[in-house]
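For reference, coords36.csv is printed below; it contains CSV, C-alpha atoms.
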chain,number,residue,atom,x,y,z
A,1,MET,CA,7.8,-23.2,6.2
A,2,LYS,CA,6.3,-19.8,6.9
A,3,LYS,CA,6.1,-17.4,4.0
A,4,TYR,CA,7.5,-14.0,4.5
A,5,ILE,CA,5.9,-11.2,2.6
A,6,TYR,CA,7.6,-7.8,2.2
A,7,THR,CA,6.1,-4.6,1.0
A,8,PHE,CA,7.7,-1.4,-0.4
A,9,LEU,CA,6.3,2.2,-0.3
A,10,LEU,CA,7.2,5.0,-2.7
A,11,LEU,CA,7.7,8.6,-1.6
A,12,CYS,CA,6.8,12.1,-2.7
A,13,PRO,CA,9.3,15.0,-2.7
A,14,ILE,CA,9.3,17.6,0.0
A,15,LEU,CA,7.8,21.0,-0.6
A,16,LEU,CA,8.6,23.8,1.9
A,17,LEU,CA,6.4,26.9,2.2
A,18,THR,CA,7.1,30.2,3.8
A,19,LEU,CA,4.0,32.3,4.4
A,20,SER,CA,3.1,35.0,6.9
A,21,VAL,CA,0.4,34.5,9.6
A,22,ASN,CA,-2.5,36.7,10.4
A,23,LYS,CA,-5.2,35.7,13.0
A,24,ALA,CA,-8.7,36.9,12.3
A,25,MET,CA,-11.0,37.7,15.1
A,26,ALA,CA,-14.7,36.8,15.1
A,27,ALA,CA,-17.5,38.9,16.6
A,28,THR,CA,-18.2,37.7,20.1
A,29,LYS,CA,-21.7,37.0,21.5
A,30,GLU,CA,-21.3,40.0,23.7
A,31,GLU,CA,-20.7,42.2,20.7
A,32,GLN,CA,-23.7,40.7,18.9
A,33,PHE,CA,-25.8,41.3,22.0
A,34,ILE,CA,-24.8,44.9,22.1
A,35,GLU,CA,-25.7,45.3,18.4
A,36,ASP,CA,-29.1,43.6,19.0
A,37,SER,CA,-29.7,46.0,21.9
A,38,LYS,CA,-28.8,49.0,19.7
A,39,LYS,CA,-31.3,48.1,17.0
A,40,TYR,CA,-34.0,49.9,18.9
A,41,LEU,CA,-32.1,53.2,19.4
A,42,GLY,CA,-34.5,56.1,18.8
A,43,ILE,CA,-37.7,54.1,19.5
A,44,PRO,CA,-39.9,56.5,21.5
A,45,TYR,CA,-40.8,56.1,25.1
A,46,ARG,CA,-44.4,55.4,26.2
A,47,PHE,CA,-45.5,54.2,29.6
A,48,GLY,CA,-46.7,50.6,29.2
A,49,GLY,CA,-44.9,50.2,25.8
A,50,THR,CA,-43.6,46.7,25.2
A,51,THR,CA,-43.1,46.6,21.4
A,52,PRO,CA,-40.7,48.4,18.9
A,53,LYS,CA,-43.5,50.9,18.3
A,54,ALA,CA,-42.8,52.3,21.8
A,55,PHE,CA,-41.1,51.1,25.0
A,56,ASP,CA,-41.1,51.9,28.6
A,57,CYS,CA,-37.9,50.9,30.5
A,58,SER,CA,-39.0,47.4,31.7
A,59,GLY,CA,-40.8,46.8,28.3
A,60,TYR,CA,-37.6,47.4,26.5
A,61,LEU,CA,-35.6,45.1,28.8
A,62,GLY,CA,-38.2,42.4,28.4
A,63,TYR,CA,-38.2,42.7,24.6
A,64,VAL,CA,-34.4,42.4,24.3
A,65,PHE,CA,-34.2,39.5,26.7
A,66,LYS,CA,-37.1,37.7,25.0
A,67,GLU,CA,-35.1,37.7,21.7
A,68,TYR,CA,-32.5,35.6,23.6
A,69,GLY,CA,-35.1,33.3,25.0
A,70,TYR,CA,-35.5,34.7,28.5
A,71,SER,CA,-38.7,36.0,30.1
A,72,LEU,CA,-38.5,38.9,32.5
A,73,PRO,CA,-41.0,40.2,35.1
A,74,ARG,CA,-43.1,43.1,33.7
A,75,THR,CA,-41.9,45.8,36.1
A,76,VAL,CA,-38.5,47.1,37.2
A,77,ALA,CA,-39.3,46.2,40.8
A,78,GLY,CA,-40.2,42.7,39.7
A,79,ILE,CA,-36.9,42.3,37.8
A,80,TYR,CA,-34.9,43.6,40.7
A,81,SER,CA,-36.5,41.1,43.1
A,82,SER,CA,-36.4,38.1,40.7
A,83,LYS,CA,-34.5,35.0,41.8
A,84,ASN,CA,-33.1,34.7,38.3
A,85,PHE,CA,-30.9,37.7,39.0
A,86,SER,CA,-27.9,37.9,41.3
A,87,PRO,CA,-26.2,41.1,42.6
A,88,VAL,CA,-22.8,41.9,41.0
A,89,LYS,CA,-20.1,44.5,41.5
A,90,GLU,CA,-17.9,43.9,38.4
A,91,LEU,CA,-20.1,44.7,35.5
A,92,GLN,CA,-20.4,42.6,32.3
A,93,VAL,CA,-22.2,43.1,29.1
A,94,GLY,CA,-25.9,42.1,29.6
A,95,ASP,CA,-26.1,43.0,33.3
A,96,ILE,CA,-29.1,45.1,34.3
A,97,VAL,CA,-28.3,48.4,36.1
A,98,PHE,CA,-30.9,49.8,38.4
A,99,PHE,CA,-31.7,53.3,39.5
A,100,THR,CA,-34.1,55.0,41.8
A,101,THR,CA,-35.9,57.8,40.0
A,102,TYR,CA,-39.5,58.8,40.5
A,103,LYS,CA,-40.0,56.7,43.6
A,104,LYS,CA,-38.0,55.0,46.3
A,105,GLY,CA,-36.4,51.7,45.4
A,106,ALA,CA,-35.7,50.3,41.9
A,107,SER,CA,-37.9,52.3,39.5
A,108,HIS,CA,-35.7,52.5,36.4
A,109,ALA,CA,-33.3,50.1,34.7
A,110,GLY,CA,-31.1,49.6,31.6
A,111,ILE,CA,-28.7,47.1,30.0
A,112,TYR,CA,-25.0,47.5,30.6
A,113,ILE,CA,-23.1,47.4,27.3
A,114,GLY,CA,-19.6,48.0,28.4
A,115,GLN,CA,-17.3,51.1,28.5
A,116,ASP,CA,-19.3,52.5,31.4
A,117,GLU,CA,-22.4,52.8,29.1
A,118,PHE,CA,-25.9,51.4,29.4
A,119,ILE,CA,-28.8,51.4,27.0
A,120,HIS,CA,-32.4,52.1,28.2
A,121,ALA,CA,-35.7,53.5,27.4
A,122,ALA,CA,-35.6,57.0,28.9
A,123,SER,CA,-38.8,58.9,29.3
A,124,SER,CA,-37.3,62.0,27.7
A,125,LYS,CA,-35.3,60.4,24.8
A,126,GLY,CA,-36.7,57.0,24.2
A,127,VAL,CA,-34.2,54.2,23.7
A,128,SER,CA,-30.8,55.8,24.1
A,129,ILE,CA,-27.4,55.4,25.6
A,130,ASN,CA,-26.0,57.1,28.7
A,131,LYS,CA,-22.8,56.9,30.8
A,132,LEU,CA,-23.1,55.5,34.4
A,133,GLN,CA,-20.8,58.3,35.5
A,134,ASP,CA,-23.2,61.0,34.2
A,135,SER,CA,-24.1,63.0,37.3
A,136,TYR,CA,-27.8,62.3,37.0
A,137,TRP,CA,-27.5,58.5,36.8
A,138,LYS,CA,-24.5,58.3,39.1
A,139,ASN,CA,-26.5,59.9,41.9
A,140,ARG,CA,-29.4,57.5,41.4
A,141,TYR,CA,-27.6,54.2,40.8
A,142,ILE,CA,-28.4,51.5,43.3
A,143,GLY,CA,-26.6,48.5,41.8
A,144,ALA,CA,-26.5,45.9,39.1
A,145,LYS,CA,-27.8,42.3,38.8
A,146,ARG,CA,-27.0,39.5,36.4
A,147,HIS,CA,-29.2,36.9,34.7
A,148,SER,CA,-27.0,33.8,35.1
A,149,LEU,CA,-28.3,32.0,32.1
A,150,LEU,CA,-27.9,35.0,29.8
A,151,SER,CA,-24.5,35.6,31.2
A,152,ASN,CA,-23.4,32.0,30.5
A,153,ASP,CA,-24.8,32.3,27.0
A,154,LEU,CA,-23.0,35.5,26.2
A,155,ASN,CA,-19.7,34.2,27.6
A,156,SER,CA,-20.0,30.9,25.6
A,157,PRO,CA,-18.0,31.1,22.4
A,158,SER,CA,-20.0,31.5,19.2
A,159,GLN,CA,-19.9,29.4,16.1
A,160,ASP,CA,-18.0,32.2,14.5
A,161,GLU,CA,-15.4,32.2,17.2
A,162,VAL,CA,-14.9,28.4,16.8
A,163,GLU,CA,-14.7,28.9,13.0
A,164,GLU,CA,-12.1,31.6,13.4
A,165,LEU,CA,-10.0,29.4,15.8
A,166,TRP,CA,-9.9,26.8,13.1
A,167,LYS,CA,-9.0,29.3,10.4
A,168,SER,CA,-6.2,30.7,12.5
A,169,GLY,CA,-4.8,27.2,13.1
A,170,LEU,CA,-5.1,26.4,9.4
A,171,GLN,CA,-3.3,29.6,8.5
A,172,HIS,CA,-0.6,29.0,11.1
A,173,TYR,CA,0.3,25.5,9.9
A,174,MET,CA,0.2,26.4,6.2
A,175,SER,CA,3.3,28.6,7.0
A,176,GLU,CA,4.9,27.3,10.1
A,177,ASN,CA,6.6,24.0,11.0
A,178,VAL,CA,4.0,21.3,11.4
A,179,THR,CA,6.0,19.6,14.1
A,180,MET,CA,6.0,22.7,16.4
A,181,LYS,CA,3.1,22.8,18.8
A,182,ASN,CA,1.2,26.1,18.9
A,183,GLU,CA,0.5,26.5,22.6
A,184,GLU,CA,-1.9,29.5,22.0
A,185,LEU,CA,-4.0,27.4,19.6
A,186,LEU,CA,-4.1,24.6,22.1
A,187,LYS,CA,-5.1,26.8,25.0
A,188,ASP,CA,-7.8,28.6,23.0
A,189,PHE,CA,-9.2,25.3,21.8
A,190,GLN,CA,-9.4,23.9,25.3
A,191,GLU,CA,-11.0,27.0,26.7
A,192,ILE,CA,-13.6,27.1,23.9
A,193,ARG,CA,-14.4,23.4,24.0
A,194,THR,CA,-15.0,23.5,27.8
A,195,SER,CA,-17.1,26.8,27.7
A,196,LEU,CA,-19.3,26.0,24.7
A,197,SER,CA,-23.0,25.7,25.6
A,198,ALA,CA,-24.7,22.5,24.5
A,199,ASN,CA,-26.6,24.3,21.7
A,200,ASP,CA,-23.5,26.0,20.4
A,201,ARG,CA,-21.5,22.8,20.6
A,202,VAL,CA,-23.9,21.2,18.1
A,203,LYS,CA,-23.6,24.2,15.8
A,204,ALA,CA,-19.8,24.4,16.0
A,205,GLU,CA,-19.1,20.6,16.0
A,206,ALA,CA,-17.6,20.6,12.5
A,207,TYR,CA,-15.1,23.3,13.3
A,208,LEU,CA,-14.3,21.7,16.7
A,209,THR,CA,-13.6,18.4,14.9
A,210,LYS,CA,-11.4,20.1,12.3
A,211,THR,CA,-9.4,21.9,15.0
A,212,ALA,CA,-9.1,18.8,17.1
A,213,ASN,CA,-7.8,16.8,14.1
A,214,LEU,CA,-5.2,19.6,13.4
A,215,ILE,CA,-4.0,19.5,17.0
A,216,ASP,CA,-3.8,15.7,17.0
A,217,SER,CA,-1.8,15.9,13.7
A,218,VAL,CA,0.7,18.4,15.2
A,219,ASN,CA,1.2,16.2,18.2
A,220,LEU,CA,1.8,13.2,16.1
A,221,ALA,CA,4.1,15.1,13.8
A,222,ALA,CA,6.2,16.1,16.8
A,223,LYS,CA,6.3,12.5,18.0
A,224,LEU,CA,7.2,11.2,14.5
A,225,GLU,CA,10.0,13.7,14.2
A,226,GLN,CA,11.4,12.4,17.4
A,227,SER,CA,11.2,8.8,16.4
A,228,THR,CA,12.6,9.6,13.0
A,229,ASN,CA,15.7,11.2,14.7
A,230,GLU,CA,16.0,8.2,17.0
A,231,LEU,CA,15.9,5.7,14.1
A,232,LYS,CA,18.4,7.8,12.1
A,233,THR,CA,20.8,7.9,15.1
A,234,VAL,CA,20.7,4.2,15.8
A,235,LEU,CA,20.4,2.6,12.3
A,236,ILE,CA,21.8,5.2,10.0
A,237,LYS,CA,24.4,7.2,11.9
A,238,ASN,CA,25.6,4.4,14.3
A,239,GLN,CA,24.6,1.6,11.9
A,240,GLN,CA,23.5,-0.6,14.7
A,241,LEU,CA,21.5,-3.6,13.3
A,242,ASP,CA,20.4,-6.0,15.9
A,243,GLU,CA,17.2,-7.2,17.6
A,244,SER,CA,16.7,-4.0,19.5
A,245,SER,CA,17.2,-1.8,16.4
A,246,VAL,CA,14.9,-4.0,14.4
A,247,ALA,CA,12.2,-3.6,17.2
A,248,LEU,CA,12.8,0.2,17.0
A,249,TYR,CA,12.3,0.0,13.2
A,250,HIS,CA,9.0,-1.8,13.5
A,251,SER,CA,7.8,0.7,16.2
A,252,PHE,CA,8.8,3.6,13.9
A,253,SER,CA,6.9,2.0,11.0
A,254,GLU,CA,3.8,1.9,13.2
A,255,ASP,CA,4.3,5.6,14.1
A,256,ILE,CA,4.3,6.4,10.3
A,257,ARG,CA,1.1,4.4,9.8
A,258,ARG,CA,-0.6,6.0,12.7
A,259,SER,CA,0.4,9.5,11.6
A,260,GLU,CA,-0.8,8.9,8.0
A,261,LYS,CA,-4.2,7.7,9.3
A,262,VAL,CA,-4.6,10.9,11.4
A,263,TYR,CA,-3.3,13.2,8.7
A,264,SER,CA,-5.9,11.7,6.3
A,265,ARG,CA,-8.6,13.3,8.6
A,266,LEU,CA,-7.2,16.8,8.1
A,267,SER,CA,-9.6,19.2,6.4
A,268,GLY,CA,-8.3,20.4,3.0
A,269,SER,CA,-6.0,18.7,0.5
A,270,ASP,CA,-3.3,21.5,0.8
A,271,LEU,CA,-3.1,20.9,4.6
A,272,ARG,CA,-2.9,17.2,4.2
A,273,LYS,CA,-0.2,17.6,1.5
A,274,ARG,CA,1.8,19.9,3.8
A,275,PHE,CA,1.8,17.4,6.7
A,276,ASN,CA,2.7,14.6,4.4
A,277,GLN,CA,5.5,16.4,2.9
A,278,GLU,CA,7.0,17.9,6.1
A,279,SER,CA,6.3,14.9,8.4
A,280,ILE,CA,5.7,11.7,6.5
A,281,THR,CA,8.3,12.2,3.7
A,282,PRO,CA,11.3,12.6,5.9
A,283,ALA,CA,10.2,9.7,8.0
A,284,LYS,CA,9.7,7.5,5.0
A,285,ILE,CA,13.1,8.4,3.5
A,286,SER,CA,14.7,7.2,6.8
A,287,LYS,CA,12.5,4.1,6.7
A,288,GLU,CA,13.4,3.3,3.1
A,289,THR,CA,17.1,3.9,3.8
A,290,VAL,CA,17.1,0.8,6.2
A,291,ILE,CA,14.1,-1.2,5.1
A,292,TYR,CA,16.0,-3.6,2.9
A,293,GLU,CA,18.8,-4.1,5.4
A,294,VAL,CA,16.2,-4.8,8.1
A,295,SER,CA,14.5,-7.3,5.8
A,296,MET,CA,17.8,-8.9,4.9
A,297,TYR,CA,18.7,-9.2,8.6
A,298,GLY,CA,15.4,-11.0,9.3
A,299,LEU,CA,15.8,-13.3,6.2
A,300,LEU,CA,19.3,-14.3,7.2
A,301,LYS,CA,17.9,-15.4,10.6
A,302,VAL,CA,15.3,-17.5,8.8
A,303,ILE,CA,18.0,-19.0,6.5
A,304,GLU,CA,20.2,-19.8,9.5
A,305,ASP,CA,17.4,-21.6,11.2
A,306,THR,CA,16.6,-23.5,8.0
A,307,VAL,CA,20.2,-24.7,7.7
A,308,ALA,CA,20.2,-25.7,11.4
A,309,GLN,CA,17.1,-27.9,10.7
A,310,GLY,CA,19.0,-29.6,7.8
A,311,ASN,CA,16.7,-28.3,5.1
A,312,VAL,CA,19.4,-27.5,2.6
A,313,SER,CA,17.2,-27.1,-0.4
A,314,GLU,CA,14.9,-24.6,1.2
A,315,ALA,CA,17.9,-22.7,2.6
A,316,GLN,CA,19.3,-22.5,-1.0
A,317,ASN,CA,16.0,-21.2,-2.3
A,318,LEU,CA,15.9,-18.6,0.5
A,319,LEU,CA,19.4,-17.5,-0.2
A,320,GLU,CA,18.5,-16.9,-3.8
A,321,LYS,CA,15.7,-14.6,-2.6
A,322,TYR,CA,18.2,-12.9,-0.3
A,323,ASN,CA,20.6,-12.2,-3.3
A,324,ARG,CA,17.8,-10.5,-5.2
A,325,LEU,CA,16.8,-8.5,-2.1
A,326,GLU,CA,20.5,-7.5,-1.8
A,327,ASN,CA,20.6,-6.2,-5.4
A,328,ARG,CA,17.3,-4.4,-5.0
A,329,ALA,CA,18.6,-2.6,-1.9
A,330,SER,CA,21.4,-1.0,-3.9
A,331,GLU,CA,19.0,-0.1,-6.8
A,332,ILE,CA,16.5,1.6,-4.4
A,333,LYS,CA,19.2,3.8,-2.9
A,334,ILE,CA,20.3,4.9,-6.3
A,335,LEU,CA,16.7,5.7,-7.3
A,336,GLY,CA,16.0,7.4,-4.0
A,337,ASN,CA,19.0,9.7,-4.3
A,338,SER,CA,17.9,10.6,-7.8
A,339,ILE,CA,14.7,12.0,-6.3
A,340,HIS,CA,16.0,13.2,-2.9
A,341,GLU,CA,19.7,14.2,-3.4
A,342,ASN,CA,22.0,12.4,-1.0
A,343,ALA,CA,19.1,11.4,1.3
A,344,TYR,CA,19.8,7.7,1.2
A,345,ASP,CA,22.9,6.4,3.1
A,346,ASN,CA,24.6,3.3,1.7
A,347,LEU,CA,25.0,1.8,5.2
A,348,GLU,CA,28.4,0.3,4.4
A,349,THR,CA,29.0,-1.0,7.9
A,350,ILE,CA,25.7,-2.8,8.1
A,351,ASN,CA,26.0,-4.3,4.7
A,352,ALA,CA,29.5,-5.5,5.5
A,353,GLN,CA,28.1,-7.3,8.6
A,354,LEU,CA,25.3,-8.8,6.5
A,355,LYS,CA,27.8,-10.0,3.8
A,356,GLU,CA,29.8,-11.7,6.5
A,357,ARG,CA,26.8,-13.6,7.9
A,358,LYS,CA,25.8,-14.5,4.4
A,359,SER,CA,29.3,-15.9,3.7
A,360,LEU,CA,29.2,-18.1,6.7
A,361,ILE,CA,25.9,-19.5,5.6
A,362,GLU,CA,27.2,-20.2,2.0
A,363,LYS,CA,30.1,-22.1,3.5
A,364,GLN,CA,27.6,-24.5,5.1
A,365,LEU,CA,25.7,-25.2,1.9
A,366,PRO,CA,26.9,-27.4,-1.0
A,367,ALA,CA,27.5,-25.7,-4.3
A,368,VAL,CA,24.4,-26.5,-6.5
A,369,GLU,CA,24.0,-25.5,-10.1
A,370,LYS,CA,20.4,-24.8,-11.0
A,371,PRO,CA,18.8,-24.0,-14.4
A,372,ASP,CA,17.9,-20.4,-15.1
A,373,ALA,CA,14.5,-19.6,-13.7
A,374,LYS,CA,12.2,-16.6,-14.0
A,375,GLU,CA,13.3,-14.0,-11.5
A,376,GLU,CA,11.0,-13.8,-8.5
A,377,VAL,CA,10.2,-10.3,-7.2
A,378,VAL,CA,11.2,-9.9,-3.6
A,379,THR,CA,10.2,-6.9,-1.6
A,380,PRO,CA,11.2,-5.9,1.9
A,381,ALA,CA,9.2,-6.2,5.2
A,382,ALA,CA,6.9,-3.3,6.0

Would you put the structure from the file into structure tokens?
Amino acid sequence: MKKYIYTFLLLCPILLLTLSVNKAMAATKEEQFIEDSKKYLGIPYRFGGTTPKAFDCSGYLGYVFKEYGYSLPRTVAGIYSSKNFSPVKELQVGDIVFFTTYKKGASHAGIYIGQDEFIHAASSKGVSINKLQDSYWKNRYIGAKRHSLLSNDLNSPSQDEVEELWKSGLQHYMSENVTMKNEELLKDFQEIRTSLSANDRVKAEAYLTKTANLIDSVNLAAKLEQSTNELKTVLIKNQQLDESSVALYHSFSEDIRRSEKVYSRLSGSDLRKRFNQESITPAKISKETVIYEVSMYGLLKVIEDTVAQGNVSEAQNLLEKYNRLENRASEIKILGNSIHENAYDNLETINAQLKERKSLIEKQLPAVEKPDAKEEVVTPAA
């Protein structure tokens, strides 16, 4: 005879939080590039200058780009004709803007920093900022070119941006329903994940993983809520106990186990607690409402098969276990309702059906008096 082992899980009470949400914004790489470019404002101009002691226009460009790991030709004409640069019409931060000044062709250049501004080493003011629409520069502007590698780098999210994405997601789900998907968070995460450079991905891996675990947990919480509602409808509201609803119960139990496993990866005890209280606790209350009835249903089937095989003694032993399970089912509901008021339904229809099946079995068994024995603990199926 196979041995049937049943397990029982205890629950925690639910805590609901109501907090406001604020999303912090991190400094972008473009903003950092602008700040790095501005560090040299006021450095004097000197023809041939390539260091912070003094710059000429190409020397300044080369120095800023070198800080980002990119080498430029030494002259403006060389930069303009470099294969590493491509012409652009829509300007972005980091593009090089070219002018014709003291001679025909590209003879002066600066770095575009947004808002119609560029920073350059001017012969009259040293490193300074001007507007492209200033009449002098507007009349001498011949176009802009973009260093593709630098552009990709500046448009790749920074570690700070990935960290802020995680923090905004954390803040959101510490105040909002954990079963409700945040489409903005998901969209931002997908965009950041696909646009991160290899180097930045390594740096930001920890925050990417935290955010991915959070998104996975929200998806599972939504699925668990759906399966909880389905189980409540079939087994608690309609009180349908048969092979299909038993299969539904076991699938639901697997959903709980899967969710608990993923929630355990969430970063921070408060966040894990919130997901457990808002997602796992309601699910487990529903599970525990029916867990003994499902176990009793399965045990009755075993007893019926045992009787059919003519093993009366074993059937009587199993029936004694069933009786203890039946008593325990009532006790658990009383205990559960003392913790979660009116959360556990008595399932009167299901229990009436189980009693009827039990009665039919008892009629097939001879009445046997047995000496008192130490009560065996019987717990329900997981």

Q) At a cut-off of 8 Å from (13.3, -14.8, 1.1) in the coordinates of the file, what residues are picked up using all atoms listed in the file, written as a ChimeraX atom specification? A) /A:4,299,317-322,325,378

Please dump the current selection as a PDB file, in the frame of the given file; keep C-alpha atoms.
ATOM      1  CA  TYR A   4       7.500 -14.000   4.500  1.00  0.00           C
ATOM      2  CA  LEU A 299      15.800 -13.300   6.200  1.00  0.00           C
ATOM      3  CA  ASN A 317      16.000 -21.200  -2.300  1.00  0.00           C
ATOM      4  CA  LEU A 318      15.900 -18.600   0.500  1.00  0.00           C
ATOM      5  CA  LEU A 319      19.400 -17.500  -0.200  1.00  0.00           C
ATOM      6  CA  GLU A 320      18.500 -16.900  -3.800  1.00  0.00           C
ATOM      7  CA  LYS A 321      15.700 -14.600  -2.600  1.00  0.00           C
ATOM      8  CA  TYR A 322      18.200 -12.900  -0.300  1.00  0.00           C
ATOM      9  CA  LEU A 325      16.800  -8.500  -2.100  1.00  0.00           C
ATOM     10  CA  VAL A 378      11.200  -9.900  -3.600  1.00  0.00           C
TER      11      VAL A 378
END

Restrict the calculation to all atoms listed in the file, then for each residue of region 115-174 of chain A with any atom at most 9 Å from an atom of region 56-67 of chain A give the closest atom pair and their distance in Å to one decimal, rows by chain and rising residue number, as a tab-separated table.
residue	atom	partner	partner_atom	distance
A:His120	CA	A:Cys57	CA	6.1
A:Ala121	CA	A:Cys57	CA	4.6
A:Ala122	CA	A:Cys57	CA	6.7
A:Ser123	CA	A:Asp56	CA	7.4
A:Gly126	CA	A:Asp56	CA	8.0
A:Val127	CA	A:Tyr60	CA	8.1
A:Leu150	CA	A:Phe65	CA	8.3

**Q.** Selection: 8 Å around region 225-237 of chain A, all atoms listed in the file, excl. self and same-chain fewer than 5 positions, as a list in words
**A.** Thr179, Ser245, Leu248, Tyr249, Phe252, Asp255, Ser279, Pro282, Ala283, Ser286, Thr289, Val290, Asp345 and Leu347 of chain A

Q. By how many Å are CA of Arg257 (chain A) and CA of Ile215 (chain A) apart?
A. 17.5 Å

Q. When distances are computed from only C-alpha atoms, which of A:Lys38, A:Arg274, A:Arg140, A:Lys333 shows the smallest separation from Lys287 (chain A)?
A. A:Lys333
